[in-house]
$ cat input_19.pdb   # PDB, C-alpha atoms
MODEL        1
ATOM      1  CA  MET A   2      90.426 139.572  90.521
ATOM      2  CA  HIS A   3      90.364 135.857  89.700
ATOM      3  CA  LYS A   4      92.093 133.412  91.975
ATOM      4  CA  LYS A   5      94.031 130.680  90.171
ATOM      5  CA  GLN A   6      92.148 127.422  90.504
ATOM      6  CA  ARG A   7      94.169 124.499  91.805
ATOM      7  CA  ASP A   8      94.258 121.336  89.712
ATOM      8  CA  ASP A   9      92.562 118.772  91.964
ATOM      9  CA  ARG A  10      93.547 115.792  89.808
ATOM     10  CA  TYR A  11      96.644 115.234  91.911
ATOM     11  CA  PRO A  12      96.857 114.085  95.524
ATOM     12  CA  GLU A  13      98.649 116.719  97.554
ATOM     13  CA  LEU A  14     101.156 116.784 100.406
ATOM     14  CA  ASP A  15     101.654 120.172 102.061
ATOM     15  CA  LEU A  16     104.947 120.424 103.957
ATOM     16  CA  HIS A  17     104.478 123.989 105.233
ATOM     17  CA  GLY A  18     105.703 124.209 108.807
ATOM     18  CA  ARG A  19     107.520 120.872 108.672
ATOM     19  CA  ARG A  20     111.148 120.339 109.605
ATOM     20  CA  VAL A  21     113.836 118.846 107.363
ATOM     21  CA  ASP A  22     114.102 115.784 109.612
ATOM     22  CA  GLU A  23     110.405 115.024 108.988
ATOM     23  CA  VAL A  24     110.573 115.152 105.196
ATOM     24  CA  ALA A  25     111.757 111.614 104.362
ATOM     25  CA  ASP A  26     109.081 109.855 106.444
ATOM     26  CA  LEU A  27     106.263 112.139 105.292
ATOM     27  CA  VAL A  28     107.170 111.986 101.609
ATOM     28  CA  ASP A  29     107.737 108.217 101.767
ATOM     29  CA  ALA A  30     104.311 107.608 103.323
ATOM     30  CA  PHE A  31     102.679 109.962 100.819
ATOM     31  CA  ILE A  32     104.303 108.308  97.772
ATOM     32  CA  ARG A  33     103.342 104.836  99.056
ATOM     33  CA  SER A  34      99.751 106.012  99.539
ATOM     34  CA  CYS A  35      99.684 107.365  95.980
ATOM     35  CA  GLN A  36     101.064 104.093  94.630
ATOM     36  CA  LYS A  37      98.391 102.089  96.478
ATOM     37  CA  ARG A  38      95.736 104.310  94.916
ATOM     38  CA  SER A  39      97.366 103.957  91.465
ATOM     39  CA  LYS A  40      98.104 107.669  91.169
ATOM     40  CA  ALA A  41     100.675 108.432  88.472
ATOM     41  CA  ARG A  42     101.316 111.989  89.629
ATOM     42  CA  ALA A  43     101.115 113.947  92.854
ATOM     43  CA  ARG A  44     101.734 117.475  94.100
ATOM     44  CA  ILE A  45     104.146 118.260  96.917
ATOM     45  CA  ILE A  46     104.075 121.754  98.351
ATOM     46  CA  THR A  47     107.298 122.664 100.106
ATOM     47  CA  GLY A  48     106.771 126.391 100.411
ATOM     48  CA  ARG A  49     109.548 128.891  99.868
ATOM     49  CA  GLY A  50     111.044 129.606 103.296
ATOM     50  CA  THR A  51     114.777 128.991 103.530
ATOM     51  CA  GLY A  52     114.646 126.274 100.873
ATOM     52  CA  ALA A  53     115.845 123.551 103.256
ATOM     53  CA  VAL A  54     112.604 121.530 103.143
ATOM     54  CA  GLU A  55     112.476 121.859  99.362
ATOM     55  CA  ARG A  56     116.077 120.641  99.010
ATOM     56  CA  ALA A  57     115.466 117.711 101.358
ATOM     57  CA  THR A  58     112.289 116.772  99.481
ATOM     58  CA  LEU A  59     113.974 116.878  96.087
ATOM     59  CA  GLU A  60     116.941 114.862  97.369
ATOM     60  CA  TRP A  61     114.599 112.175  98.717
ATOM     61  CA  LEU A  62     112.670 112.069  95.424
ATOM     62  CA  LYS A  63     115.920 111.832  93.458
ATOM     63  CA  LEU A  64     117.183 108.967  95.630
ATOM     64  CA  GLY A  65     113.855 107.190  95.140
ATOM     65  CA  GLY A  66     113.976 107.681  91.368
ATOM     66  CA  TYR A  67     110.897 109.908  91.255
ATOM     67  CA  PRO A  68     111.255 112.753  88.740
ATOM     68  CA  ALA A  69     109.665 116.060  89.694
ATOM     69  CA  LYS A  70     108.780 119.196  87.765
ATOM     70  CA  ARG A  71     108.420 122.625  89.338
ATOM     71  CA  GLU A  72     104.812 123.694  89.206
ATOM     72  CA  ASN A  73     105.544 127.117  90.716
ATOM     73  CA  PRO A  74     107.907 128.380  93.421
ATOM     74  CA  GLY A  75     107.494 126.029  96.370
ATOM     75  CA  SER A  76     105.315 123.470  94.578
ATOM     76  CA  TRP A  77     106.301 120.366  92.602
ATOM     77  CA  ILE A  78     104.519 117.756  90.495
ATOM     78  CA  VAL A  79     106.032 114.326  91.144
ATOM     79  CA  PHE A  80     105.873 111.590  88.528
ATOM     80  CA  ILE A  81     105.274 108.375  90.435
ATOM     81  CA  ASP A  82     104.486 105.896  87.698
ATOM     82  CA  ASP A  83     105.099 107.549  84.361
TER      83      ASP A  83
ENDMDL
END
$ encode --input "input_19.pdb" --output "structure tokens"
Amino acid sequence: MHKKQRDDRYPELDLHGRRVDEVADLVDAFIRSCQKRSKARARIITGRGTGAVERATLEWLKLGGYPAKRENPGSWIVFIDD
């Protein structure tokens, strides 16, 4: 059985185990770090869970004007400077 290889071209933020009230600060710091390193895209892993962290993440990205595309359930590619 072959394990799907992860695309390592994108910086990654894993929010597993995080609370909704932590999302804005973590995502903000991550996006700023990506911008400083001139990364056009990044991966944010929200996990599946109840969906609360995913919703909070997507709301923050929307408010910041950062489009995102679902990579797979619980994982998003964010377009930082497209």
$ residues_near_point --input "input_19.pdb" --point "(106.7, 126.0, 106.2)" --cutoff "7 Å" --atoms "only C-alpha atoms" --output "count of residues only"
7
$ residues_around --input "input_19.pdb" --residues "Lys70 of chain A" --least-positions-apart "4" --cutoff "9 Å" --atoms "only C-alpha atoms" --output "ChimeraX atom specification"
/A:76-80
$ closest_residue --input "input_19.pdb" --among "A:Tyr11, A:Ala57, A:Arg20, A:Gly52" --to "Ile32 of chain A" --atoms "all atoms listed in the file"
A:Tyr11
$ closest_residue --input "input_19.pdb" --among "A:Ile46, A:Ala69, A:Val54, A:Leu64" --to "Glu23 of chain A" --atoms "all atoms listed in the file"
A:Val54
$ atom_distance --input "input_19.pdb" --atom1 "atom CA of Arg56 of chain A" --atom2 "atom CA of Lys37 of chain A"
25.8 Å
$ atom_distance --input "input_19.pdb" --atom1 "atom CA of Phe31 of chain A" --atom2 "atom CA of Pro12 of chain A"
8.9 Å
$ closest_residue --input "input_19.pdb" --among "A:Val24, A:Ile45, A:Asp29, A:Lys40" --to "Gly65 of chain A" --atoms "only C-alpha atoms"
A:Asp29
$ atom_distance --input "input_19.pdb" --atom1 "atom CA of Asp82 of chain A" --atom2 "atom CA of Ala53 of chain A"
26.1 Å
$ residues_around --input "input_19.pdb" --residues "Arg49 of chain A" --least-positions-apart "6" --cutoff "8 Å" --atoms "all atoms listed in the file" --output "PyMOL selection string"
chain A and resi 55+74-75
$ closest_residue --input "input_19.pdb" --among "A:Ile81, A:Arg33, A:Glu60, A:Ala43" --to "Asp15 of chain A" --atoms "all atoms listed in the file"
A:Ala43
$ closest_residue --input "input_19.pdb" --among "A:Leu14, A:Thr51, A:Arg71, A:Gly66" --to "Val28 of chain A" --atoms "all atoms listed in the file"
A:Leu14
$ axis_aligned_box --input "input_19.pdb" --around "segment 62-67 of chain A" --padding-each-side "8 Å" --output "AutoDock Vina command-line options"
--center_x 114.0 --center_y 109.6 --center_z 93.4 --size_x 22.3 --size_y 20.9 --size_z 20.4
$ decode --input "input_19.pdb" --residues "segment 5-49 of chain A" --atoms "N, CA and C atoms" --output "PDB file, in the first residue's frame"
ATOM      1  N   LYS A   5       0.125   8.375   0.411  1.00  0.00           N
ATOM      2  CA  LYS A   5       0.148   9.592  -0.395  1.00  0.00           C
ATOM      3  C   LYS A   5       1.254  10.509   0.113  1.00  0.00           C
ATOM      4  N   GLN A   6       2.110  10.946  -0.804  1.00  0.00           N
ATOM      5  CA  GLN A   6       3.180  11.845  -0.404  1.00  0.00           C
ATOM      6  C   GLN A   6       2.643  13.264  -0.309  1.00  0.00           C
ATOM      7  N   ARG A   7       3.030  13.945   0.723  1.00  0.00           N
ATOM      8  CA  ARG A   7       2.623  15.331   0.958  1.00  0.00           C
ATOM      9  C   ARG A   7       3.470  16.253   0.094  1.00  0.00           C
ATOM     10  N   ASP A   8       2.856  17.269  -0.461  1.00  0.00           N
ATOM     11  CA  ASP A   8       3.547  18.267  -1.260  1.00  0.00           C
ATOM     12  C   ASP A   8       4.264  19.228  -0.313  1.00  0.00           C
ATOM     13  N   ASP A   9       5.579  19.158  -0.255  1.00  0.00           N
ATOM     14  CA  ASP A   9       6.349  19.962   0.689  1.00  0.00           C
ATOM     15  C   ASP A   9       6.694  21.354   0.164  1.00  0.00           C
ATOM     16  N   ARG A  10       6.098  21.748  -0.953  1.00  0.00           N
ATOM     17  CA  ARG A  10       6.377  23.083  -1.492  1.00  0.00           C
ATOM     18  C   ARG A  10       5.732  24.175  -0.660  1.00  0.00           C
ATOM     19  N   TYR A  11       4.743  23.827   0.127  1.00  0.00           N
ATOM     20  CA  TYR A  11       4.000  24.822   0.885  1.00  0.00           C
ATOM     21  C   TYR A  11       4.350  24.776   2.368  1.00  0.00           C
ATOM     22  N   PRO A  12       4.547  25.959   2.985  1.00  0.00           N
ATOM     23  CA  PRO A  12       4.655  25.972   4.444  1.00  0.00           C
ATOM     24  C   PRO A  12       3.344  25.465   5.030  1.00  0.00           C
ATOM     25  N   GLU A  13       3.393  24.918   6.211  1.00  0.00           N
ATOM     26  CA  GLU A  13       2.212  24.263   6.764  1.00  0.00           C
ATOM     27  C   GLU A  13       1.943  24.688   8.208  1.00  0.00           C
ATOM     28  N   LEU A  14       0.681  24.928   8.488  1.00  0.00           N
ATOM     29  CA  LEU A  14       0.213  25.199   9.854  1.00  0.00           C
ATOM     30  C   LEU A  14      -0.786  24.110  10.213  1.00  0.00           C
ATOM     31  N   ASP A  15      -0.500  23.357  11.264  1.00  0.00           N
ATOM     32  CA  ASP A  15      -1.384  22.285  11.705  1.00  0.00           C
ATOM     33  C   ASP A  15      -2.140  22.753  12.950  1.00  0.00           C
ATOM     34  N   LEU A  16      -3.453  22.862  12.842  1.00  0.00           N
ATOM     35  CA  LEU A  16      -4.280  23.357  13.934  1.00  0.00           C
ATOM     36  C   LEU A  16      -4.958  22.247  14.734  1.00  0.00           C
ATOM     37  N   HIS A  17      -4.548  21.000  14.523  1.00  0.00           N
ATOM     38  CA  HIS A  17      -5.105  19.899  15.320  1.00  0.00           C
ATOM     39  C   HIS A  17      -4.928  20.200  16.805  1.00  0.00           C
ATOM     40  N   GLY A  18      -5.982  20.008  17.564  1.00  0.00           N
ATOM     41  CA  GLY A  18      -5.914  20.189  19.005  1.00  0.00           C
ATOM     42  C   GLY A  18      -6.013  21.636  19.465  1.00  0.00           C
ATOM     43  N   ARG A  19      -6.170  22.557  18.535  1.00  0.00           N
ATOM     44  CA  ARG A  19      -6.283  23.972  18.900  1.00  0.00           C
ATOM     45  C   ARG A  19      -7.742  24.342  19.128  1.00  0.00           C
ATOM     46  N   ARG A  20      -7.935  25.403  19.891  1.00  0.00           N
ATOM     47  CA  ARG A  20      -9.285  25.895  20.169  1.00  0.00           C
ATOM     48  C   ARG A  20      -9.634  27.034  19.214  1.00  0.00           C
ATOM     49  N   VAL A  21     -10.921  27.263  19.029  1.00  0.00           N
ATOM     50  CA  VAL A  21     -11.405  28.320  18.143  1.00  0.00           C
ATOM     51  C   VAL A  21     -10.813  29.670  18.536  1.00  0.00           C
ATOM     52  N   ASP A  22     -10.701  29.937  19.830  1.00  0.00           N
ATOM     53  CA  ASP A  22     -10.200  31.245  20.263  1.00  0.00           C
ATOM     54  C   ASP A  22      -8.700  31.430  20.003  1.00  0.00           C
ATOM     55  N   GLU A  23      -8.014  30.390  19.571  1.00  0.00           N
ATOM     56  CA  GLU A  23      -6.594  30.485  19.235  1.00  0.00           C
ATOM     57  C   GLU A  23      -6.365  30.719  17.744  1.00  0.00           C
ATOM     58  N   VAL A  24      -7.369  30.448  16.942  1.00  0.00           N
ATOM     59  CA  VAL A  24      -7.219  30.423  15.489  1.00  0.00           C
ATOM     60  C   VAL A  24      -6.718  31.745  14.917  1.00  0.00           C
ATOM     61  N   ALA A  25      -7.360  32.855  15.238  1.00  0.00           N
ATOM     62  CA  ALA A  25      -7.009  34.139  14.616  1.00  0.00           C
ATOM     63  C   ALA A  25      -5.534  34.478  14.832  1.00  0.00           C
ATOM     64  N   ASP A  26      -5.047  34.370  16.053  1.00  0.00           N
ATOM     65  CA  ASP A  26      -3.645  34.706  16.334  1.00  0.00           C
ATOM     66  C   ASP A  26      -2.678  33.762  15.630  1.00  0.00           C
ATOM     67  N   LEU A  27      -2.982  32.466  15.649  1.00  0.00           N
ATOM     68  CA  LEU A  27      -2.092  31.494  15.011  1.00  0.00           C
ATOM     69  C   LEU A  27      -2.051  31.669  13.501  1.00  0.00           C
ATOM     70  N   VAL A  28      -3.211  31.826  12.888  1.00  0.00           N
ATOM     71  CA  VAL A  28      -3.269  31.982  11.435  1.00  0.00           C
ATOM     72  C   VAL A  28      -2.629  33.315  11.026  1.00  0.00           C
ATOM     73  N   ASP A  29      -2.892  34.367  11.779  1.00  0.00           N
ATOM     74  CA  ASP A  29      -2.295  35.670  11.475  1.00  0.00           C
ATOM     75  C   ASP A  29      -0.775  35.593  11.502  1.00  0.00           C
ATOM     76  N   ALA A  30      -0.211  35.010  12.538  1.00  0.00           N
ATOM     77  CA  ALA A  30       1.246  34.884  12.648  1.00  0.00           C
ATOM     78  C   ALA A  30       1.808  34.024  11.517  1.00  0.00           C
ATOM     79  N   PHE A  31       1.099  32.964  11.173  1.00  0.00           N
ATOM     80  CA  PHE A  31       1.538  32.070  10.103  1.00  0.00           C
ATOM     81  C   PHE A  31       1.539  32.788   8.753  1.00  0.00           C
ATOM     82  N   ILE A  32       0.459  33.499   8.440  1.00  0.00           N
ATOM     83  CA  ILE A  32       0.364  34.222   7.162  1.00  0.00           C
ATOM     84  C   ILE A  32       1.468  35.280   7.088  1.00  0.00           C
ATOM     85  N   ARG A  33       1.680  36.010   8.162  1.00  0.00           N
ATOM     86  CA  ARG A  33       2.743  37.037   8.181  1.00  0.00           C
ATOM     87  C   ARG A  33       4.119  36.404   7.946  1.00  0.00           C
ATOM     88  N   SER A  34       4.359  35.257   8.548  1.00  0.00           N
ATOM     89  CA  SER A  34       5.617  34.543   8.353  1.00  0.00           C
ATOM     90  C   SER A  34       5.780  34.137   6.889  1.00  0.00           C
ATOM     91  N   CYS A  35       4.715  33.662   6.286  1.00  0.00           N
ATOM     92  CA  CYS A  35       4.754  33.264   4.872  1.00  0.00           C
ATOM     93  C   CYS A  35       5.028  34.474   3.984  1.00  0.00           C
ATOM     94  N   GLN A  36       4.404  35.593   4.298  1.00  0.00           N
ATOM     95  CA  GLN A  36       4.624  36.810   3.518  1.00  0.00           C
ATOM     96  C   GLN A  36       6.078  37.264   3.619  1.00  0.00           C
ATOM     97  N   LYS A  37       6.659  37.209   4.808  1.00  0.00           N
ATOM     98  CA  LYS A  37       8.055  37.604   4.992  1.00  0.00           C
ATOM     99  C   LYS A  37       8.999  36.726   4.199  1.00  0.00           C
ATOM    100  N   ARG A  38       8.606  35.454   4.032  1.00  0.00           N
ATOM    101  CA  ARG A  38       9.438  34.512   3.274  1.00  0.00           C
ATOM    102  C   ARG A  38       9.038  34.448   1.806  1.00  0.00           C
ATOM    103  N   SER A  39       8.161  35.370   1.390  1.00  0.00           N
ATOM    104  CA  SER A  39       7.704  35.470  -0.006  1.00  0.00           C
ATOM    105  C   SER A  39       7.064  34.182  -0.513  1.00  0.00           C
ATOM    106  N   LYS A  40       6.269  33.553   0.340  1.00  0.00           N
ATOM    107  CA  LYS A  40       5.544  32.348  -0.055  1.00  0.00           C
ATOM    108  C   LYS A  40       4.182  32.751  -0.606  1.00  0.00           C
ATOM    109  N   ALA A  41       3.864  32.292  -1.803  1.00  0.00           N
ATOM    110  CA  ALA A  41       2.597  32.653  -2.440  1.00  0.00           C
ATOM    111  C   ALA A  41       1.445  31.782  -1.968  1.00  0.00           C
ATOM    112  N   ARG A  42       1.779  30.582  -1.505  1.00  0.00           N
ATOM    113  CA  ARG A  42       0.748  29.640  -1.062  1.00  0.00           C
ATOM    114  C   ARG A  42       1.209  28.946   0.210  1.00  0.00           C
ATOM    115  N   ALA A  43       0.222  28.488   0.973  1.00  0.00           N
ATOM    116  CA  ALA A  43       0.524  27.770   2.213  1.00  0.00           C
ATOM    117  C   ALA A  43      -0.589  26.767   2.478  1.00  0.00           C
ATOM    118  N   ARG A  44      -0.301  25.799   3.302  1.00  0.00           N
ATOM    119  CA  ARG A  44      -1.285  24.774   3.678  1.00  0.00           C
ATOM    120  C   ARG A  44      -1.673  24.993   5.133  1.00  0.00           C
ATOM    121  N   ILE A  45      -2.988  24.970   5.382  1.00  0.00           N
ATOM    122  CA  ILE A  45      -3.482  25.011   6.757  1.00  0.00           C
ATOM    123  C   ILE A  45      -4.304  23.760   6.977  1.00  0.00           C
ATOM    124  N   ILE A  46      -3.923  23.007   7.993  1.00  0.00           N
ATOM    125  CA  ILE A  46      -4.627  21.776   8.336  1.00  0.00           C
ATOM    126  C   ILE A  46      -5.503  22.073   9.545  1.00  0.00           C
ATOM    127  N   THR A  47      -6.801  21.950   9.355  1.00  0.00           N
ATOM    128  CA  THR A  47      -7.732  22.214  10.447  1.00  0.00           C
ATOM    129  C   THR A  47      -8.223  20.933  11.083  1.00  0.00           C
ATOM    130  N   GLY A  48      -8.108  19.837  10.396  1.00  0.00           N
ATOM    131  CA  GLY A  48      -8.675  18.582  10.869  1.00  0.00           C
ATOM    132  C   GLY A  48     -10.176  18.583  10.633  1.00  0.00           C
ATOM    133  N   ARG A  49     -10.806  17.499  10.969  1.00  0.00           N
ATOM    134  CA  ARG A  49     -12.250  17.378  10.725  1.00  0.00           C
ATOM    135  C   ARG A  49     -13.050  17.723  11.968  1.00  0.00           C
TER     136      ARG A  49
END
